[in-house]
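All remarks here apply to the structure that follows.
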Amino acid sequence: MAFDLHKIARRWQRKWKAQKVYESDPDGRPKFLVCTPYPYVNGLLHIGHTYTYMRVDAFARYKRLRGMNVLFPFAWHATGTPIEAAAKRVEEGEPTQLQSLELMGFGKDQLEQFKDPIHWIKTFSREAERDLRAYGMAIDWRRQFITTSLNPRYSKFIKWQFNTLKKKGLIAKGEHPVVWCPRELMPVGDHARSEGEGVMPEEMVLIKFRTNGHVFPCATFRPETVFGVTNIWVNPDLTYVEASVDGEHWMVSEPALAKLKDQKHEVKELQRRKGSDLVGAKVKNPVDGNEVPVLPASFVSAETGTGVVMSVPAHAPFDYLALRELQQQNYAGTQDIKPVSLVAVEGLGEFPAIDAVKGITNAKDPRAKDATQEVYKKEFHSGKLKDITGKYKGLSIQEAKPRIIADLKSEGKAVVLFELIEPVICRCLTRCHVRIVDNQWFLKYGSQEWKQEAMKALQGLKLYPEKVRGQFEYVVDWLRDWACTREFGLGTDLPWDKNWKIESLSDSTIYPAFYTLVHTLKKVPLGKINDRLFDYVFLGEGNPDELGVDRVLLDKMKAEFAYWYPVDFRNSGKDLVQNHLTFYLFNHVACFPEKFWPAGIGVNGYVTIGSKKMSKSKGNFKTLRQVIDAFSPDVVRLAILASNEEMNDVDWDSESAESLRQKLAQWYEFALKNYGKNGQSGERREIDRWMEHQLHSSIRDATKAMDETLFRTAIQRGFFDVQRHLKWYQRRTAGQMNQEVLNEIIEAQTLLLAPFCPHVCSEIWEKLGKQSVLVSEKWPQFDESKIVPTLEQSEDAMSRTLDDIQQVLRLAKVEHPKKITLFVSADWKVHLCRKLKELLAQTRDIGQVMKGVMGEFKDRAQEASALVQKFVKDPSKVPLSAMPQDAEVQNLLDAVPFLKETLNCSIEVVREEDSQEPKARQALPGKPAIVVQ
RNA sequence: GCGGCGGUACCGAAGCGGUCCAACGGGUUGGAUUUAGACUCCAAUGGCUUAGUGCCCACGCAGGUUCGAAUCCUGUCCGCCGCACCA
């Protein structure tokens, strides 16, 4: 039989397109709006996108089968810098960029066109649409669009969003520190660094020690230790700059000057000074007025802080080591310097730094660094400031630190310097520092009121799975103001300031609202689209007659939005919880009334390939089209969704995909061959009822799983289990299956599989002779009355008996038995077991149990007491489903033809009490004694 | 450091106080079928053992609670993800 999954897929995709099956408009049914963050169109879709979209699609198809009017829209994201940057690299002829395009299948002659960012956007949105159609996504393609000013209608929508936020006071101007490349004059995000991933700006305090007109700004992370300063350090081998900083004469290292300039200080270089020239000066400690000397230390680096540091030998191991070295060299003026202790820590001595450096002889020893951390950790967590700190005495470091910083700043004794603790190197190989960017617009996610509203939205939200809630709560709480404008890149202009573009994560938060009306909005003349129009269609505000737009169109859009909103399911990878998905919540609560707040969010793990992280550079990478071409869309979808669920990573494994391909082929063949033939129907046998039981409990479980987007469970219960039971049913009836039952299985199985493998299931449905289109059919209902656990128990008992027989045969080394006799446990044992179960629930005392039992079984005292002893010893051995002897005998008699066939010998079923065979006594309820001959 | 999620057989993974066996899928091994292979079917896949359906060991590690623990408690070790100006 010709079975070509690719051909089947193409055929159904053509049909769906022609019949506009997935173009959804409001009607009388309950609605369900699903979506997923649109992809950034700078390359081909890869298998990682696949999983997220697949979940949305499977859920959409399921809800459709449940009778809902489902809308699944899609669009393309082009906002931001990467596409522009890539186009620029093509223009510069950068080899890796060109190569990567070639790897995506573009010929050398086509590369030229990629100099133009618009070509990227057009090409990759087109290619992605092609891939997603080939994947069989149930998307309403009428609603697709592209972001940025290339789509003026979208830009107008985004402007409405920003004006709305601004009106509500949720956007404000401010300044903030960024990691900055002084060569490219750009902020340098993690992905644009060649070194220093994850390093972020941290606040250092520059405490101003003064001497006759000069300032020595000592950079420190521990400003509270200023009370224990004995001297300050400069590195004699460095070059320092004497500079005018905000009108004062500062001494700083060369690199520090650029940092100060970029952190909003007025800076002018006056002259260069050798470090060694500075040594020997006396400077005044700003907190106590003490004069301390400037001493030389080689551990001081030019790159961190200012190249000037204060020395607190009591609490800083480096300082102590350097000081001790000088004293050992009899360096002038150091002999009288004594460490000054200012922090008391229980369990540590007066000078924790001195204790910490035991065995370390100089500041170059790497252990000095560990010692520093050790001391700091202890002091920070359990230290108390001593009397010497004046008004801060008795405070913990945690309490005192922010107060000391604030006080020093307000008294003009210190300023803050943002610093990178570890080096950060830009992709252009320049060392970065922190710059304070001003004139920047912020979304005030840090605002408490806004957070509260977002938290409220979160509380009313269905999460798939529920266990991400903790993460969301944390992020809502932790989120700070977000810089939402950029000077570079593609996007929409900030409506009130054309010099800025709206940043890419900020223009993609409430756009699902845009999906609901985009195809209608296309009919409105561009010039007529403005904030007032959106106020009317989204919020019902204003007078529609003043908009100069066809009232029918306006009210259509208004109704469409109100019908589809809120979003019932928005799904993405777990990496977006800490930004996009949370922004999505914040912006919805700000822009829309509560009834339109998000109703459901789904989060999933990543895709690995062969259990290894996907990585382009390591070649462990697959595009969507590669896997579709190799395995067909149905197999890819099934393989990925069957692999894992919740937040676990799914794995793409070609071996299991191949195995699933075969399973699908087998099902296709089975369904077509067995459906609606003239098989026996009529009265149901036990085994038929068993099969119905299995089918209906599988439907029940699969349905429950589908409701929670637990697709792996749904596939396991709704496909693997049904298939397994069907095989057993086939074997158990020697192929004489009940035709009605069989038909029901075939229909239900095809529907259960439909959300995952829509093409092949549609094909089967059609070939079964169904007039309806599968994708609009009804999800199978389970019939509670057909779920009868006792059927399962007796069938299990039978199959366990078969297992036991086979084991006995093996042990007895009988290869070809002539006859097998099964002795069924006497009824009194059934009663005994039931009684025991009752008693054991109350007590484990053997005496009491014995007492409770033996009255009833006096005439079998010996046998009964042996059983009681055995079961009290291990209560888990009591047969749970002890059925009466008659029923067990009947159950086995029913199975005799099957057992005969399987074991290839005659089978006899005998009641225990009817036999003289000694082994017969071993029978237990549900566990017949076995004799083989 | 802070926050989140986890450690179960060869691999992935379910189980979350007792449901006579630690599901299900993949892999591996043996057998049946086949001219052969593929497919399909049956069986095995921690150890031991036997004319008897059994015993023992195992759910990161160590303790504890309980008649009974993969599951509950305490401690401990180890992974993965995120910590932002950006898709």
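The way I read the labels, and the way they are meant: chains A, B, ... in the order of the structure tokens, residue 1 as the first residue of every chain, and ligand 1 as the first ligand shown, with later ones counted on from there.
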
Item to complete: Mind listing the alpha helix (DSSP H) residues of segment 315-553 of chain A, per DSSP on the backbone, as a PyMOL selection string?
Response: chain A and resi 317-328+352-356+367-382+397-410+448-459+469-478+512-515+518-521+531-539+551-553

Practice prompt. Just the strand (DSSP E or B) stuff from segment 97-296 of chain A, please, per backbone DSSP, written as a PyMOL selection string.
Written response: chain A and resi 146+171-181+186-187+193-195+202-211+214-220+231-234+239-245+248-253+267-274+282-284+291-296

Would you kindly report the residues of chain B within 10 Å of chain A, using only C-alpha atoms (C1' of nucleotides), as an mmCIF file with N, CA, C and O atoms (P, O5', C5', C4', C3', O3' and C1' of nucleotides), in the first residue's frame?
```cif
data_model
loop_
_atom_site.group_PDB
_atom_site.id
_atom_site.type_symbol
_atom_site.label_atom_id
_atom_site.label_comp_id
_atom_site.auth_asym_id
_atom_site.auth_seq_id
_atom_site.Cartn_x
_atom_site.Cartn_y
_atom_site.Cartn_z
ATOM 1 P P G B 3 16.722 33.467 47.849
ATOM 2 O "O5'" G B 3 15.942 33.208 46.489
ATOM 3 C "C5'" G B 3 14.858 34.046 46.144
ATOM 4 C "C4'" G B 3 14.461 33.778 44.727
ATOM 5 C "C3'" G B 3 14.083 32.344 44.405
ATOM 6 O "O3'" G B 3 12.797 32.008 44.875
ATOM 7 C "C1'" G B 3 15.437 33.214 42.687
ATOM 8 P P G B 4 12.452 30.477 45.198
ATOM 9 O "O5'" G B 4 12.319 29.843 43.745
ATOM 10 C "C5'" G B 4 11.178 30.143 42.940
ATOM 11 C "C4'" G B 4 11.364 29.536 41.583
ATOM 12 C "C3'" G B 4 11.480 28.020 41.547
ATOM 13 O "O3'" G B 4 10.218 27.394 41.666
ATOM 14 C "C1'" G B 4 13.131 28.947 40.155
ATOM 15 P P C B 5 10.100 25.968 42.368
ATOM 16 O "O5'" C B 5 10.673 25.010 41.233
ATOM 17 C "C5'" C B 5 10.074 24.980 39.947
ATOM 18 C "C4'" C B 5 10.896 24.130 39.023
ATOM 19 C "C3'" C B 5 11.188 22.727 39.533
ATOM 20 O "O3'" C B 5 10.075 21.882 39.326
ATOM 21 C "C1'" C B 5 13.168 23.669 38.660
ATOM 22 P P G B 6 9.874 20.574 40.200
ATOM 23 O "O5'" G B 6 10.940 19.644 39.471
ATOM 24 C "C5'" G B 6 11.805 18.881 40.247
ATOM 25 C "C4'" G B 6 12.945 18.469 39.370
ATOM 26 C "C3'" G B 6 13.696 17.280 39.914
ATOM 27 O "O3'" G B 6 13.087 16.099 39.442
ATOM 28 C "C1'" G B 6 15.232 18.998 39.449
ATOM 29 P P C B 11 21.288 5.253 32.492
ATOM 30 O "O5'" C B 11 20.616 5.891 31.198
ATOM 31 C "C5'" C B 11 21.375 6.663 30.275
ATOM 32 C "C4'" C B 11 20.461 7.249 29.228
ATOM 33 C "C3'" C B 11 19.254 8.006 29.774
ATOM 34 O "O3'" C B 11 19.594 9.323 30.144
ATOM 35 C "C1'" C B 11 18.530 6.541 28.091
ATOM 36 P P G B 12 18.767 10.067 31.249
ATOM 37 O "O5'" G B 12 17.363 10.317 30.542
ATOM 38 C "C5'" G B 12 17.231 11.329 29.546
ATOM 39 C "C4'" G B 12 15.822 11.342 29.014
ATOM 40 C "C3'" G B 12 14.717 11.544 30.045
ATOM 41 O "O3'" G B 12 14.584 12.900 30.426
ATOM 42 C "C1'" G B 12 14.099 9.808 28.599
ATOM 43 P P A B 13 14.174 13.269 31.915
ATOM 44 O "O5'" A B 13 12.779 12.506 32.098
ATOM 45 C "C5'" A B 13 11.573 13.049 31.550
ATOM 46 C "C4'" A B 13 10.465 12.022 31.653
ATOM 47 C "C3'" A B 13 9.870 11.844 33.051
ATOM 48 O "O3'" A B 13 8.825 12.771 33.241
ATOM 49 C "C1'" A B 13 10.387 9.722 32.123
ATOM 50 P P A B 14 8.411 13.166 34.711
ATOM 51 O "O5'" A B 14 7.399 11.987 35.110
ATOM 52 C "C5'" A B 14 6.125 11.936 34.485
ATOM 53 C "C4'" A B 14 5.396 10.689 34.883
ATOM 54 C "C3'" A B 14 4.994 10.544 36.342
ATOM 55 O "O3'" A B 14 3.860 11.331 36.622
ATOM 56 C "C1'" A B 14 5.675 8.462 35.459
ATOM 57 P P G B 18 0.369 4.951 48.840
ATOM 58 O "O5'" G B 18 0.349 3.410 49.238
ATOM 59 C "C5'" G B 18 1.484 2.603 48.920
ATOM 60 C "C4'" G B 18 1.298 1.244 49.522
ATOM 61 C "C3'" G B 18 0.123 0.473 48.934
ATOM 62 O "O3'" G B 18 0.620 -0.662 48.270
ATOM 63 C "C1'" G B 18 0.119 0.415 51.316
ATOM 64 P P U B 19 0.943 -0.809 46.832
ATOM 65 O "O5'" U B 19 -0.470 -1.006 46.153
ATOM 66 C "C5'" U B 19 -1.413 -1.888 46.758
ATOM 67 C "C4'" U B 19 -2.493 -2.128 45.736
ATOM 68 C "C3'" U B 19 -1.948 -2.190 44.308
ATOM 69 O "O3'" U B 19 -2.208 -3.491 43.854
ATOM 70 C "C1'" U B 19 -3.787 -0.698 44.474
ATOM 71 P P C B 20 -1.799 -4.351 42.810
ATOM 72 O "O5'" C B 20 -0.688 -5.303 43.487
ATOM 73 C "C5'" C B 20 -0.314 -5.102 44.869
ATOM 74 C "C4'" C B 20 0.285 -6.375 45.376
ATOM 75 C "C3'" C B 20 1.438 -6.899 44.524
ATOM 76 O "O3'" C B 20 2.676 -6.597 45.114
ATOM 77 C "C1'" C B 20 -0.197 -8.621 44.891
ATOM 78 P P C B 21 3.414 -5.279 44.629
ATOM 79 O "O5'" C B 21 4.010 -5.600 43.194
ATOM 80 C "C5'" C B 21 4.568 -6.826 42.940
ATOM 81 C "C4'" C B 21 5.562 -6.764 41.819
ATOM 82 C "C3'" C B 21 5.884 -5.359 41.293
ATOM 83 O "O3'" C B 21 7.226 -5.084 41.600
ATOM 84 C "C1'" C B 21 4.946 -6.683 39.526
ATOM 85 P P C B 24 4.080 -0.605 30.871
ATOM 86 O "O5'" C B 24 4.134 0.645 29.891
ATOM 87 C "C5'" C B 24 2.954 1.346 29.528
ATOM 88 C "C4'" C B 24 3.318 2.673 28.920
ATOM 89 C "C3'" C B 24 4.451 2.610 27.898
ATOM 90 O "O3'" C B 24 3.975 2.188 26.631
ATOM 91 C "C1'" C B 24 4.884 4.356 29.411
ATOM 92 P P G B 25 4.906 1.352 25.683
ATOM 93 O "O5'" G B 25 5.921 2.466 25.163
ATOM 94 C "C5'" G B 25 5.461 3.492 24.294
ATOM 95 C "C4'" G B 25 6.574 4.469 24.054
ATOM 96 C "C3'" G B 25 7.874 3.863 23.543
ATOM 97 O "O3'" G B 25 7.812 3.578 22.168
ATOM 98 C "C1'" G B 25 8.353 5.376 25.273
ATOM 99 P P G B 26 8.700 2.412 21.566
ATOM 100 O "O5'" G B 26 10.165 3.025 21.692
ATOM 101 C "C5'" G B 26 10.560 4.111 20.852
ATOM 102 C "C4'" G B 26 11.941 4.555 21.235
ATOM 103 C "C3'" G B 26 13.028 3.498 21.108
ATOM 104 O "O3'" G B 26 13.456 3.345 19.766
ATOM 105 C "C1'" G B 26 13.263 4.613 23.169
ATOM 106 P P G B 27 13.855 1.924 19.219
ATOM 107 O "O5'" G B 27 15.205 1.654 20.036
ATOM 108 C "C5'" G B 27 16.350 2.460 19.798
ATOM 109 C "C4'" G B 27 17.422 2.132 20.806
ATOM 110 C "C3'" G B 27 17.891 0.684 20.806
ATOM 111 O "O3'" G B 27 18.858 0.446 19.801
ATOM 112 C "C1'" G B 27 17.476 1.381 23.028
ATOM 113 P P C B 39 12.652 -2.793 11.290
ATOM 114 O "O5'" C B 39 11.104 -2.981 10.931
ATOM 115 C "C5'" C B 39 10.351 -1.870 10.439
ATOM 116 C "C4'" C B 39 9.005 -2.348 9.964
ATOM 117 C "C3'" C B 39 8.156 -3.039 11.023
ATOM 118 O "O3'" C B 39 7.502 -2.106 11.853
ATOM 119 C "C1'" C B 39 8.106 -4.321 9.048
ATOM 120 P P U B 40 7.332 -2.443 13.390
ATOM 121 O "O5'" U B 40 6.383 -3.717 13.382
ATOM 122 C "C5'" U B 40 5.056 -3.633 12.900
ATOM 123 C "C4'" U B 40 4.441 -5.003 12.882
ATOM 124 C "C3'" U B 40 4.522 -5.748 14.199
ATOM 125 O "O3'" U B 40 3.484 -5.361 15.078
ATOM 126 C "C1'" U B 40 5.231 -7.178 12.483
ATOM 127 P P C B 41 3.738 -5.327 16.613
ATOM 128 O "O5'" C B 41 3.674 -6.868 16.996
ATOM 129 C "C5'" C B 41 2.482 -7.605 16.782
ATOM 130 C "C4'" C B 41 2.741 -9.063 17.068
ATOM 131 C "C3'" C B 41 3.430 -9.344 18.397
ATOM 132 O "O3'" C B 41 2.519 -9.349 19.473
ATOM 133 C "C1'" C B 41 4.534 -10.537 16.705
ATOM 134 P P U B 50 18.632 -23.428 41.743
ATOM 135 O "O5'" U B 50 17.221 -24.109 41.988
ATOM 136 C "C5'" U B 50 16.931 -24.678 43.262
ATOM 137 C "C4'" U B 50 15.461 -24.732 43.466
ATOM 138 C "C3'" U B 50 14.669 -25.296 42.282
ATOM 139 O "O3'" U B 50 14.657 -26.718 42.279
ATOM 140 C "C1'" U B 50 13.642 -23.319 43.044
ATOM 141 P P A B 51 14.170 -27.461 40.981
ATOM 142 O "O5'" A B 51 12.648 -27.033 40.922
ATOM 143 C "C5'" A B 51 11.678 -28.023 41.006
ATOM 144 C "C4'" A B 51 10.414 -27.377 41.476
ATOM 145 C "C3'" A B 51 9.811 -28.123 42.662
ATOM 146 O "O3'" A B 51 8.998 -27.228 43.410
ATOM 147 C "C1'" A B 51 8.333 -28.215 40.852
ATOM 148 P P G B 52 9.534 -26.513 44.588
ATOM 149 O "O5'" G B 52 8.918 -25.056 44.415
ATOM 150 C "C5'" G B 52 9.430 -24.222 43.375
ATOM 151 C "C4'" G B 52 8.427 -23.187 43.032
ATOM 152 C "C3'" G B 52 7.343 -22.978 44.085
ATOM 153 O "O3'" G B 52 6.835 -21.667 43.938
ATOM 154 C "C1'" G B 52 6.343 -23.778 42.133
ATOM 155 P P U B 53 6.584 -20.743 45.154
ATOM 156 O "O5'" U B 53 6.353 -19.337 44.459
ATOM 157 C "C5'" U B 53 7.158 -18.953 43.347
ATOM 158 C "C4'" U B 53 6.320 -18.294 42.301
ATOM 159 C "C3'" U B 53 5.214 -17.398 42.845
ATOM 160 O "O3'" U B 53 5.721 -16.113 43.086
ATOM 161 C "C1'" U B 53 4.359 -18.788 41.122
ATOM 162 P P C B 67 4.315 1.906 64.325
ATOM 163 O "O5'" C B 67 4.630 0.727 63.308
ATOM 164 C "C5'" C B 67 5.102 -0.526 63.801
ATOM 165 C "C4'" C B 67 4.994 -1.554 62.702
ATOM 166 C "C3'" C B 67 5.501 -1.093 61.346
ATOM 167 O "O3'" C B 67 6.897 -1.293 61.237
ATOM 168 C "C1'" C B 67 3.354 -2.024 61.084
ATOM 169 P P G B 68 7.776 -0.155 60.588
ATOM 170 O "O5'" G B 68 7.245 -0.143 59.085
ATOM 171 C "C5'" G B 68 7.597 -1.230 58.229
ATOM 172 C "C4'" G B 68 6.916 -1.086 56.914
ATOM 173 C "C3'" G B 68 7.257 0.186 56.145
ATOM 174 O "O3'" G B 68 8.465 0.029 55.439
ATOM 175 C "C1'" G B 68 4.928 -0.162 56.115
ATOM 176 P P C B 81 22.172 25.450 31.821
ATOM 177 O "O5'" C B 81 20.892 26.354 32.101
ATOM 178 C "C5'" C B 81 19.715 26.194 31.318
ATOM 179 C "C4'" C B 81 18.594 27.006 31.919
ATOM 180 C "C3'" C B 81 18.913 28.466 32.185
ATOM 181 O "O3'" C B 81 18.865 29.241 31.007
ATOM 182 C "C1'" C B 81 17.812 27.563 34.061
ATOM 183 P P G B 82 19.857 30.475 30.853
ATOM 184 O "O5'" G B 82 19.135 31.573 31.754
ATOM 185 C "C5'" G B 82 17.852 32.055 31.368
ATOM 186 C "C4'" G B 82 17.302 32.902 32.484
ATOM 187 C "C3'" G B 82 18.183 34.053 32.942
ATOM 188 O "O3'" G B 82 18.082 35.150 32.068
ATOM 189 C "C1'" G B 82 17.327 32.925 34.825
ATOM 190 P P C B 83 19.311 36.140 31.900
ATOM 191 O "O5'" C B 83 19.366 36.848 33.317
ATOM 192 C "C5'" C B 83 18.488 37.931 33.608
ATOM 193 C "C4'" C B 83 18.730 38.392 35.013
ATOM 194 C "C3'" C B 83 20.106 38.966 35.304
ATOM 195 O "O3'" C B 83 20.226 40.295 34.842
ATOM 196 C "C1'" C B 83 19.471 37.512 37.045
ATOM 197 P P A B 84 21.669 40.873 34.528
ATOM 198 O "O5'" A B 84 21.401 41.564 33.120
ATOM 199 C "C5'" A B 84 21.035 40.765 32.007
ATOM 200 C "C4'" A B 84 19.862 41.403 31.326
ATOM 201 C "C3'" A B 84 19.972 42.912 31.154
ATOM 202 O "O3'" A B 84 20.763 43.185 30.030
ATOM 203 C "C1'" A B 84 17.821 42.344 31.931
ATOM 204 P P C B 85 21.780 44.401 30.033
ATOM 205 O "O5'" C B 85 21.190 45.242 28.830
ATOM 206 C "C5'" C B 85 20.402 44.592 27.834
ATOM 207 C "C4'" C B 85 19.512 45.617 27.199
ATOM 208 C "C3'" C B 85 20.249 46.892 26.800
ATOM 209 O "O3'" C B 85 19.763 47.330 25.566
ATOM 210 C "C1'" C B 85 18.518 47.384 28.367
ATOM 211 P P C B 86 20.569 46.866 24.266
ATOM 212 O "O5'" C B 86 19.676 45.619 23.815
ATOM 213 C "C5'" C B 86 20.279 44.600 23.102
ATOM 214 C "C4'" C B 86 19.299 43.470 22.984
ATOM 215 C "C3'" C B 86 17.888 43.846 22.536
ATOM 216 O "O3'" C B 86 17.572 43.090 21.394
ATOM 217 C "C1'" C B 86 17.836 42.300 24.300
ATOM 218 P P A B 87 16.974 43.821 20.169
ATOM 219 O "O5'" A B 87 16.656 42.591 19.209
ATOM 220 C "C5'" A B 87 15.483 41.866 19.394
ATOM 221 C "C4'" A B 87 15.801 40.402 19.241
ATOM 222 C "C3'" A B 87 14.558 39.567 19.053
ATOM 223 O "O3'" A B 87 14.269 39.448 17.667
ATOM 224 C "C1'" A B 87 15.876 38.665 20.803
#
```

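Using only C-alpha atoms (C1' of nucleotides), the contacts of A44 of chain B at a cut-off of 12 Å, with sequence neighbours closer than 5 positions omitted, comprise B:U28, B:U29, B:G30, B:G31.
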
Let me see the file: selected residues, C-alpha atoms (C1' of nucleotides), as a compact mmCIF listing (two decimals), in the first residue's frame.
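For reference, selection.txt as written:
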```txt
# COMPACT_ATOMS: atom_id res chain seq x y z
C1' U B 28 19.66 -3.55 23.60
C1' U B 29 19.36 -9.08 23.55
C1' G B 30 16.88 -13.71 22.31
C1' G B 31 12.88 -16.18 19.65
```

Worksheet item: Of the candidates B:G75, B:G1, B:G17, B:G47, which shows the shortest atom-to-atom distance to C61 of chain B, using only C-alpha atoms (C1' of nucleotides)?
Response: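 Using only C-alpha atoms (C1' of nucleotides), C61 of chain B sits closest to B:G75.
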
Worksheet item: Could you name the residues that touch G64 of chain B at 12 Å or less, counting only C-alpha atoms (C1' of nucleotides), but leaving out those on the same chain fewer than 4 positions away, as a PyMOL selection string?
Response: chain B and resi 69+72-75

Discussion item. Taking 3 positions as the minimum chain separation for residues in the same chain, which residues sit within 10 Å of Leu893 of chain A when counting only C-alpha atoms (C1' of nucleotides)? Answer as a list in words.
Written reply: Ala887, Glu888, Val889, Gln890, Val896, Pro897, Phe898, Leu899, Ile907, Glu908, Val909 and Val910 of chain A

Worksheet entry | Contacts of segment 752-757 of chain A within 9 Å, only C-alpha atoms (C1' of nucleotides), excl. fewer than 6 positions in-chain, as a ChimeraX atom specification | /A:54,57-62,65,136,633-635,637-638,641,664,699,702-703,711,714-715,718-719,774-775,779-780

Keeping only N, CA, C and O atoms, write the selected residues as a short mmCIF file (atom, residue, chain, number, x, y, z; two decimals), in the first residue's frame.
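This went into again-v9.cif:
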```cif
data_model
loop_
_atom_site.label_atom_id
_atom_site.label_comp_id
_atom_site.auth_asym_id
_atom_site.auth_seq_id
_atom_site.Cartn_x
_atom_site.Cartn_y
_atom_site.Cartn_z
N MET A 54 4.15 24.10 18.32
CA MET A 54 3.47 22.82 18.28
C MET A 54 2.47 22.67 19.44
O MET A 54 1.38 22.17 19.27
N ASP A 57 -0.46 24.78 18.68
CA ASP A 57 -1.28 24.19 17.63
C ASP A 57 -2.08 23.00 18.14
O ASP A 57 -3.26 22.85 17.84
N ALA A 58 -1.43 22.15 18.91
CA ALA A 58 -2.13 20.97 19.43
C ALA A 58 -3.28 21.40 20.35
O ALA A 58 -4.37 20.83 20.30
N PHE A 59 -3.03 22.44 21.13
CA PHE A 59 -4.08 22.92 22.04
C PHE A 59 -5.21 23.55 21.23
O PHE A 59 -6.39 23.33 21.52
N ALA A 60 -4.84 24.31 20.21
CA ALA A 60 -5.85 24.93 19.35
C ALA A 60 -6.73 23.85 18.71
O ALA A 60 -7.96 23.96 18.69
N ARG A 61 -6.10 22.82 18.20
CA ARG A 61 -6.86 21.77 17.54
C ARG A 61 -7.74 21.00 18.53
O ARG A 61 -8.85 20.61 18.21
N TYR A 62 -7.22 20.82 19.71
CA TYR A 62 -8.02 20.13 20.74
C TYR A 62 -9.26 20.95 21.09
O TYR A 62 -10.37 20.45 21.13
N LEU A 65 -11.82 20.72 18.55
CA LEU A 65 -12.57 19.46 18.62
C LEU A 65 -13.56 19.49 19.80
O LEU A 65 -14.54 18.75 19.80
N GLY A 136 1.73 22.21 9.08
CA GLY A 136 0.31 21.96 9.33
C GLY A 136 -0.28 22.77 10.45
O GLY A 136 -1.19 22.33 11.14
N PRO A 633 5.55 16.15 8.70
CA PRO A 633 5.09 16.97 9.83
C PRO A 633 4.44 16.15 10.93
O PRO A 633 4.70 16.41 12.10
N ASP A 634 3.60 15.20 10.58
CA ASP A 634 2.90 14.45 11.63
C ASP A 634 3.88 13.74 12.56
O ASP A 634 3.69 13.73 13.78
N VAL A 635 4.90 13.16 12.00
CA VAL A 635 5.86 12.42 12.83
C VAL A 635 6.66 13.38 13.70
O VAL A 635 6.87 13.12 14.89
N ARG A 637 5.76 16.29 14.83
CA ARG A 637 4.89 16.80 15.88
C ARG A 637 4.71 15.75 16.97
O ARG A 637 4.85 16.04 18.17
N LEU A 638 4.42 14.54 16.56
CA LEU A 638 4.18 13.48 17.53
C LEU A 638 5.45 13.18 18.33
O LEU A 638 5.43 13.04 19.55
N LEU A 641 6.18 16.09 20.87
CA LEU A 641 5.24 16.22 21.98
C LEU A 641 5.18 14.96 22.83
O LEU A 641 4.79 15.03 24.00
N LEU A 664 2.66 5.00 13.23
CA LEU A 664 1.60 5.69 12.52
C LEU A 664 1.18 4.91 11.27
O LEU A 664 0.00 4.78 10.96
N ILE A 699 -9.66 7.45 27.16
CA ILE A 699 -10.23 8.72 26.70
C ILE A 699 -10.36 9.69 27.87
O ILE A 699 -10.01 10.87 27.76
N ALA A 702 -6.82 10.90 28.82
CA ALA A 702 -6.23 11.74 27.78
C ALA A 702 -6.91 13.11 27.77
O ALA A 702 -6.25 14.14 27.62
N THR A 703 -8.20 13.13 27.98
CA THR A 703 -8.94 14.39 27.98
C THR A 703 -8.46 15.28 29.12
O THR A 703 -8.21 16.47 28.94
N PHE A 711 0.69 17.13 27.06
CA PHE A 711 0.52 16.39 25.81
C PHE A 711 1.23 15.05 25.83
O PHE A 711 0.80 14.11 25.18
N ALA A 714 -1.11 12.78 27.40
CA ALA A 714 -2.24 12.56 26.50
C ALA A 714 -1.87 11.57 25.41
O ALA A 714 -2.69 10.70 25.04
N ILE A 715 -0.67 11.66 24.89
CA ILE A 715 -0.24 10.73 23.84
C ILE A 715 -0.04 9.34 24.42
O ILE A 715 -0.41 8.33 23.81
N GLY A 718 -3.67 8.21 25.29
CA GLY A 718 -4.58 8.22 24.15
C GLY A 718 -4.04 7.50 22.93
O GLY A 718 -4.80 7.26 21.98
N PHE A 719 -2.78 7.18 22.91
CA PHE A 719 -2.24 6.48 21.75
C PHE A 719 -1.53 5.19 22.16
O PHE A 719 -1.98 4.09 21.85
N LEU A 774 -12.39 15.97 9.55
CA LEU A 774 -11.91 15.56 10.87
C LEU A 774 -11.66 16.74 11.81
O LEU A 774 -12.03 16.71 12.97
N VAL A 775 -11.01 17.78 11.26
CA VAL A 775 -10.58 18.86 12.15
C VAL A 775 -11.76 19.59 12.78
O VAL A 775 -11.60 20.31 13.76
N TRP A 779 -14.39 15.81 19.68
CA TRP A 779 -13.48 15.01 20.51
C TRP A 779 -14.28 13.88 21.16
O TRP A 779 -15.41 14.08 21.59
N PRO A 780 -13.71 12.66 21.24
CA PRO A 780 -14.49 11.55 21.78
C PRO A 780 -14.89 11.75 23.24
O PRO A 780 -14.12 12.28 24.04
#
```

Discussion item. Report, in Å to a single decimal, how far apart atom CA of Val267 of chain A and atom CA of Thr239 of chain A are.
Written reply: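 We find that atom CA of Thr239 of chain A and atom CA of Val267 of chain A lie 17.3 Å from each other.
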